[in-house]
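For reference, coords32.cif is printed below; it contains mmCIF, C-alpha atoms.
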```cif
data_data
#
loop_
_atom_site.label_atom_id
_atom_site.label_comp_id
_atom_site.auth_asym_id
_atom_site.auth_seq_id
_atom_site.Cartn_x
_atom_site.Cartn_y
_atom_site.Cartn_z
CA MET A 6 17.31 112.44 -64.84
CA PHE A 7 18.53 114.09 -61.62
CA THR A 8 21.30 116.42 -60.45
CA GLY A 9 22.31 114.83 -57.15
CA LEU A 10 21.32 117.95 -55.21
CA ILE A 11 19.02 116.73 -52.45
CA GLU A 12 15.72 118.59 -52.19
CA CYS A 13 14.73 117.33 -48.75
CA ALA A 14 14.92 114.35 -46.42
CA GLY A 15 12.04 111.98 -45.78
CA SER A 16 11.65 108.84 -43.73
CA LEU A 17 10.91 105.23 -44.59
CA VAL A 18 7.39 104.21 -43.60
CA SER A 19 7.44 100.67 -44.95
CA LEU A 20 8.79 98.27 -47.54
CA ARG A 21 6.03 95.77 -48.25
CA ARG A 22 7.06 92.69 -50.23
CA GLY A 23 4.71 90.38 -52.09
CA GLY A 24 5.89 87.70 -54.48
CA GLU A 25 8.11 89.26 -57.13
CA SER A 26 7.33 92.88 -56.25
CA ALA A 27 7.51 95.38 -53.41
CA VAL A 28 5.96 98.72 -52.49
CA LEU A 29 8.03 101.38 -50.76
CA GLU A 30 6.25 104.08 -48.76
CA VAL A 31 7.99 107.27 -47.69
CA ALA A 32 6.86 110.19 -45.54
CA ALA A 33 8.20 113.45 -46.96
CA PRO A 34 7.69 117.23 -46.86
CA LEU A 35 7.42 117.43 -50.66
CA PRO A 36 4.82 119.89 -51.99
CA ALA A 37 1.89 117.57 -52.78
CA ALA A 38 0.41 120.10 -55.22
CA GLU A 39 3.53 119.80 -57.38
CA VAL A 40 3.69 115.99 -57.37
CA LYS A 41 1.42 113.65 -59.30
CA THR A 42 1.24 109.92 -59.89
CA GLY A 43 3.71 108.89 -62.56
CA ASP A 44 6.33 111.43 -61.46
CA SER A 45 9.91 110.26 -60.91
CA ILE A 46 11.54 110.85 -57.54
CA ALA A 47 15.01 109.71 -56.51
CA VAL A 48 14.88 108.03 -53.10
CA ASN A 49 18.42 107.58 -51.75
CA GLY A 50 19.57 107.84 -55.34
CA VAL A 51 17.13 105.28 -56.76
CA CYS A 52 14.78 106.55 -59.46
CA LEU A 53 11.23 105.47 -58.50
CA THR A 54 7.78 106.26 -59.89
CA VAL A 55 5.02 107.62 -57.67
CA ILE A 56 2.01 105.27 -57.72
CA SER A 57 -0.05 106.95 -54.99
CA MET A 58 0.16 109.70 -52.39
CA ALA A 59 -1.85 110.96 -49.43
CA ALA A 60 -1.24 113.11 -46.35
CA GLY A 61 2.47 113.62 -46.89
CA ARG A 62 3.13 110.00 -47.82
CA PHE A 63 4.29 108.74 -51.21
CA SER A 64 4.24 105.15 -52.46
CA PHE A 65 6.42 103.59 -55.15
CA ASP A 66 6.52 100.22 -56.90
CA VAL A 67 9.94 98.60 -56.47
CA SER A 68 11.20 95.81 -58.71
CA PRO A 69 13.14 92.77 -57.40
CA GLU A 70 16.24 94.08 -59.22
CA THR A 71 16.01 97.38 -57.32
CA VAL A 72 15.56 95.67 -53.96
CA ASP A 73 18.53 93.37 -54.64
CA ARG A 74 20.87 96.08 -55.88
CA SER A 75 20.02 98.89 -53.44
CA SER A 76 20.14 99.35 -49.68
CA PHE A 77 16.35 99.50 -49.24
CA SER A 78 16.14 96.06 -47.62
CA LEU A 79 18.75 97.15 -45.06
CA LEU A 80 16.80 100.22 -43.87
CA ALA A 81 14.73 100.14 -40.69
CA THR A 82 11.31 101.76 -40.41
CA GLY A 83 11.78 105.47 -39.76
CA ALA A 84 15.22 105.59 -41.40
CA PRO A 85 15.94 108.92 -43.13
CA VAL A 86 16.12 108.96 -46.93
CA ASN A 87 17.34 111.58 -49.39
CA LEU A 88 14.78 112.85 -51.90
CA GLU A 89 15.09 114.70 -55.19
CA ARG A 90 12.44 115.32 -57.83
CA ALA A 91 13.41 114.95 -61.48
CA LEU A 92 15.44 117.65 -63.19
CA ARG A 93 13.47 120.25 -65.14
CA MET A 94 14.78 120.95 -68.63
CA GLY A 95 16.26 124.43 -68.76
CA GLY A 96 17.19 124.46 -65.08
CA ARG A 97 20.71 124.86 -63.70
CA LEU A 98 22.71 121.64 -63.43
CA ASP A 99 24.59 122.41 -60.22
CA GLY A 100 25.50 118.79 -59.43
CA HIS A 101 26.09 116.26 -62.22
CA LEU A 102 23.90 114.06 -64.41
CA VAL A 103 22.47 111.30 -62.20
CA THR A 104 20.20 108.64 -63.72
CA GLY A 105 18.91 107.13 -60.48
CA HIS A 106 20.14 103.65 -61.51
CA VAL A 107 22.25 102.20 -58.70
CA ASP A 108 25.39 100.33 -59.74
CA CYS A 109 26.35 98.75 -56.41
CA LEU A 110 26.53 99.13 -52.66
CA ALA A 111 29.57 100.54 -50.88
CA ARG A 112 30.45 100.23 -47.19
CA LEU A 113 31.65 103.11 -45.03
CA ASP A 114 35.17 102.22 -43.88
CA SER A 115 36.13 105.34 -41.94
CA SER A 116 35.05 108.86 -41.03
CA SER A 117 37.39 111.65 -39.93
CA ARG A 118 37.60 115.43 -39.81
CA ARG A 119 39.88 117.52 -42.01
CA GLY A 120 39.48 121.23 -41.36
CA ASN A 121 35.78 122.08 -41.74
CA ALA A 122 35.12 118.97 -43.86
CA THR A 123 34.25 115.40 -42.94
CA LEU A 124 36.30 112.85 -44.86
CA LEU A 125 34.38 109.63 -45.61
CA SER A 126 36.12 106.57 -47.05
CA PHE A 127 34.11 103.79 -48.70
CA ARG A 128 34.92 100.28 -49.91
CA LEU A 129 33.27 98.93 -53.08
CA PRO A 130 33.82 96.19 -55.69
CA SER A 131 36.85 96.79 -57.89
CA GLU A 132 34.82 96.64 -61.11
CA TYR A 133 32.99 99.79 -60.00
CA ALA A 134 35.97 101.50 -58.38
CA ARG A 135 37.65 101.51 -61.80
CA LEU A 136 34.85 103.76 -63.09
CA LEU A 137 35.75 106.49 -60.58
CA VAL A 138 38.46 109.11 -61.04
CA GLU A 139 39.93 111.68 -58.68
CA LYS A 140 38.00 114.98 -58.91
CA GLY A 141 35.30 113.18 -60.89
CA SER A 142 31.69 112.77 -59.76
CA VAL A 143 29.90 110.04 -57.83
CA ALA A 144 26.38 109.80 -56.39
CA ILE A 145 26.19 108.40 -52.84
CA ASP A 146 22.60 107.72 -51.76
CA GLY A 147 21.64 110.16 -54.51
CA ILE A 148 24.01 112.95 -53.38
CA SER A 149 26.28 114.44 -56.04
CA LEU A 150 29.81 114.47 -54.64
CA THR A 151 33.37 114.94 -55.89
CA VAL A 152 35.75 112.00 -55.54
CA ASN A 153 38.63 113.02 -53.31
CA GLU A 154 40.83 109.95 -53.73
CA VAL A 155 40.33 106.54 -55.35
CA GLY A 156 42.05 103.14 -55.15
CA THR A 157 41.42 99.68 -56.55
CA GLU A 158 38.60 98.92 -54.07
CA HIS A 159 37.96 102.16 -52.24
CA PHE A 160 37.36 105.88 -52.64
CA SER A 161 36.90 108.89 -50.38
CA VAL A 162 34.90 112.12 -50.45
CA ALA A 163 35.14 115.32 -48.43
CA ILE A 164 31.77 116.52 -47.13
CA ILE A 165 31.21 120.23 -46.40
CA PRO A 166 29.05 121.18 -43.37
CA HIS A 167 26.07 122.24 -45.53
CA THR A 168 25.86 118.84 -47.27
CA LEU A 169 26.30 117.03 -43.97
CA ALA A 170 23.45 119.00 -42.41
CA LYS A 171 21.00 118.65 -45.34
CA THR A 172 21.42 114.95 -46.14
CA THR A 173 21.55 111.54 -44.47
CA LEU A 174 25.36 111.45 -44.48
CA ALA A 175 25.59 112.81 -40.93
CA GLY A 176 23.93 109.67 -39.62
CA LEU A 177 26.24 107.18 -41.33
CA LYS A 178 28.22 104.82 -39.12
CA VAL A 179 31.27 102.74 -40.03
CA GLY A 180 29.99 99.54 -41.63
CA ASP A 181 26.82 101.12 -43.05
CA SER A 182 25.99 100.48 -46.72
CA VAL A 183 25.11 103.20 -49.24
CA ASN A 184 23.84 103.23 -52.83
CA ILE A 185 26.48 104.10 -55.42
CA GLU A 186 25.97 105.42 -58.93
CA THR A 187 29.22 105.95 -60.79
CA ASP A 188 29.59 108.72 -63.34
CA LEU A 189 27.56 108.16 -66.50
CA ILE A 190 30.36 109.35 -68.81
CA GLY A 191 32.85 106.97 -67.19
CA LYS A 192 30.56 104.01 -67.85
CA TYR A 193 30.23 104.86 -71.54
CA VAL A 194 33.99 105.33 -71.92
CA ALA A 195 34.66 101.98 -70.20
CA ARG A 196 32.13 100.26 -72.47
CA LEU A 197 33.66 101.73 -75.63
CA LEU A 198 37.21 100.80 -74.62
CA ALA A 199 36.36 97.28 -73.41
CA PRO A 200 37.08 95.60 -76.80
CA HIS A 201 40.62 97.03 -76.65
CA ALA A 202 41.34 95.94 -73.06
CA GLY A 203 43.80 93.24 -74.15
CA SER A 204 45.66 95.43 -76.63
CA SER A 205 48.83 97.39 -76.08
CA GLY A 206 46.99 100.52 -74.96
CA LEU A 207 45.29 103.61 -76.34
CA THR A 208 46.35 105.04 -79.65
CA MET A 209 45.28 108.09 -81.61
CA GLU A 210 43.58 105.75 -84.08
CA LYS A 211 41.49 104.11 -81.32
CA LEU A 212 40.47 107.49 -79.92
CA LEU A 213 39.41 108.63 -83.40
CA GLN A 214 37.45 105.42 -84.04
CA ASN A 215 35.51 105.84 -80.79
CA GLY A 216 34.74 109.52 -81.32
CA PHE A 217 36.92 111.01 -78.56
CA ILE A 218 38.85 113.28 -80.96
#
```

Let me see the file written as structure tokens.
Amino acid sequence: MFTGLIECAGSLVSLRRGGESAVLEVAAPLPAAEVKTGDSIAVNGVCLTVISMAAGRFSFDVSPETVDRSSFSLLATGAPVNLERALRMGGRLDGHLVTGHVDCLARLDSSSRRGNATLLSFRLPSEYARLLVEKGSVAIDGISLTVNEVGTEHFSVAIIPHTLAKTTLAGLKVGDSVNIETDLIGKYVARLLAPHAGSSGLTMEKLLQNGFI
């Protein structure tokens, strides 16, 4: 489990494919003494397990599902990546609960300035847009952000200068793809309400049956 607060940026060394598997290697300024094989690290919001490390480089096994669902195959050698080690129990949760399981890719549609913030607008499939709510949380390439506005196939976020400077967001260009993880609570609510989708709407009885009140 992660918080969506990026610890540092690394760079992609390689993505080596072989048959039904792949190995991702990342160069990163993570404290090697505090990382061991088997540890979980979120790389651009994807939860991966360290299989080896040496001289500031960390390697991870990547499944075909992860390669297909994430933006890893779109990254060039040397591309920056956001990194976060797993949340420690008892620590402050300053972002939101992020599992590191990517739901889909979104494409940057526009970038503009509003005061001291950078407003980024993304397009994504409607089935995932419906899981987002205004002022709710979303993880973009592993970064915990607040949804500014949401439509049927798009949403926007306002990025403060600190976040822009400490993450890969500053390098995004219109048309670039990013990893999206929608809010965990929203997914559970959608799953629970799915059987009632064709009914006349929510009722107090339905809310009671599903444990919301």

Ala84 (chain A) proximity check over A:Leu17, A:Val155, A:Gly191, A:Gly50, using only C-alpha atoms: winner is A:Leu17

Find the residue from A:Met6, A:Gly24, A:Leu80, A:Arg93 that sits nearest to Leu53 (chain A); use all atoms listed in the file when measuring.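 Among A:Met6, A:Gly24, A:Leu80, A:Arg93, it is A:Met6 that comes nearest to Leu53 (chain A).
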
Which residues match the PyMOL selection byres ((chain A and resi 68) around 9) in the file above, as a count of residues only? 11

Give me the residues near Gly15 (chain A) as a ChimeraX atom specification, where near means some atom within 6 Å (using only C-alpha atoms) and where sequence neighbours in that chain fewer than 5 positions away do not count. /A:32-33,85-86

One-decimal distance in Å that lies between CA of Glu30 (chain A) and CA of Phe63 (chain A):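 Result for CA of Phe63 (chain A) versus CA of Glu30 (chain A): 5.6 Å, one decimal.
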
Asn184 (chain A) surroundings by only C-alpha atoms, 9 Å radius, close-in-sequence under 5 positions cut, as a list of chain:residue names: A:Asn49, A:Gly50, A:Val51, A:Arg74, A:Ser75, A:Ser76, A:Val107, A:Asp108, A:Cys109, A:Leu110, A:Ala111, A:Ala144, A:Ile145, A:Asp146, A:Gly147

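Of the residues listed (A:Leu136, A:Ala47, A:Leu35, A:Leu10), A:Leu136 shows the shortest atom-to-atom separation from Arg196 (chain A); distances use only C-alpha atoms.
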
For Ser115 (chain A), work out the shell of residues within 10 Å, counting only C-alpha atoms and skipping chain neighbours fewer than 3 positions away, then give it as a PDB file with C-alpha atoms, keeping the file's coordinate frame.
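part01.pdb, written as the output of this step:
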```pdb
ATOM      1  CA  ARG A 112      30.450 100.230 -47.190  1.00  0.00           C
ATOM      2  CA  LEU A 124      36.300 112.850 -44.860  1.00  0.00           C
ATOM      3  CA  LEU A 125      34.380 109.630 -45.610  1.00  0.00           C
ATOM      4  CA  SER A 126      36.120 106.570 -47.050  1.00  0.00           C
ATOM      5  CA  PHE A 127      34.110 103.790 -48.700  1.00  0.00           C
ATOM      6  CA  ARG A 128      34.920 100.280 -49.910  1.00  0.00           C
ATOM      7  CA  SER A 161      36.900 108.890 -50.380  1.00  0.00           C
ATOM      8  CA  LYS A 178      28.220 104.820 -39.120  1.00  0.00           C
ATOM      9  CA  VAL A 179      31.270 102.740 -40.030  1.00  0.00           C
ATOM     10  CA  GLY A 180      29.990  99.540 -41.630  1.00  0.00           C
TER      11      GLY A 180
END
```

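Put simply, CA of Val152 (chain A) is 12.2 Å away from CA of Ile185 (chain A).
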
From the options A:Ala81, A:Cys52, A:Ala122, A:Leu92, which residue's atoms come nearest to His106 (chain A), counting only C-alpha atoms? A:Cys52

Measuring between all atoms listed in the file, which one of A:Arg22, A:Leu88, A:His159, A:Gly141 shows the shortest distance to Lys171 (chain A)?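 Using all atoms listed in the file, Lys171 (chain A) sits closest to A:Leu88.
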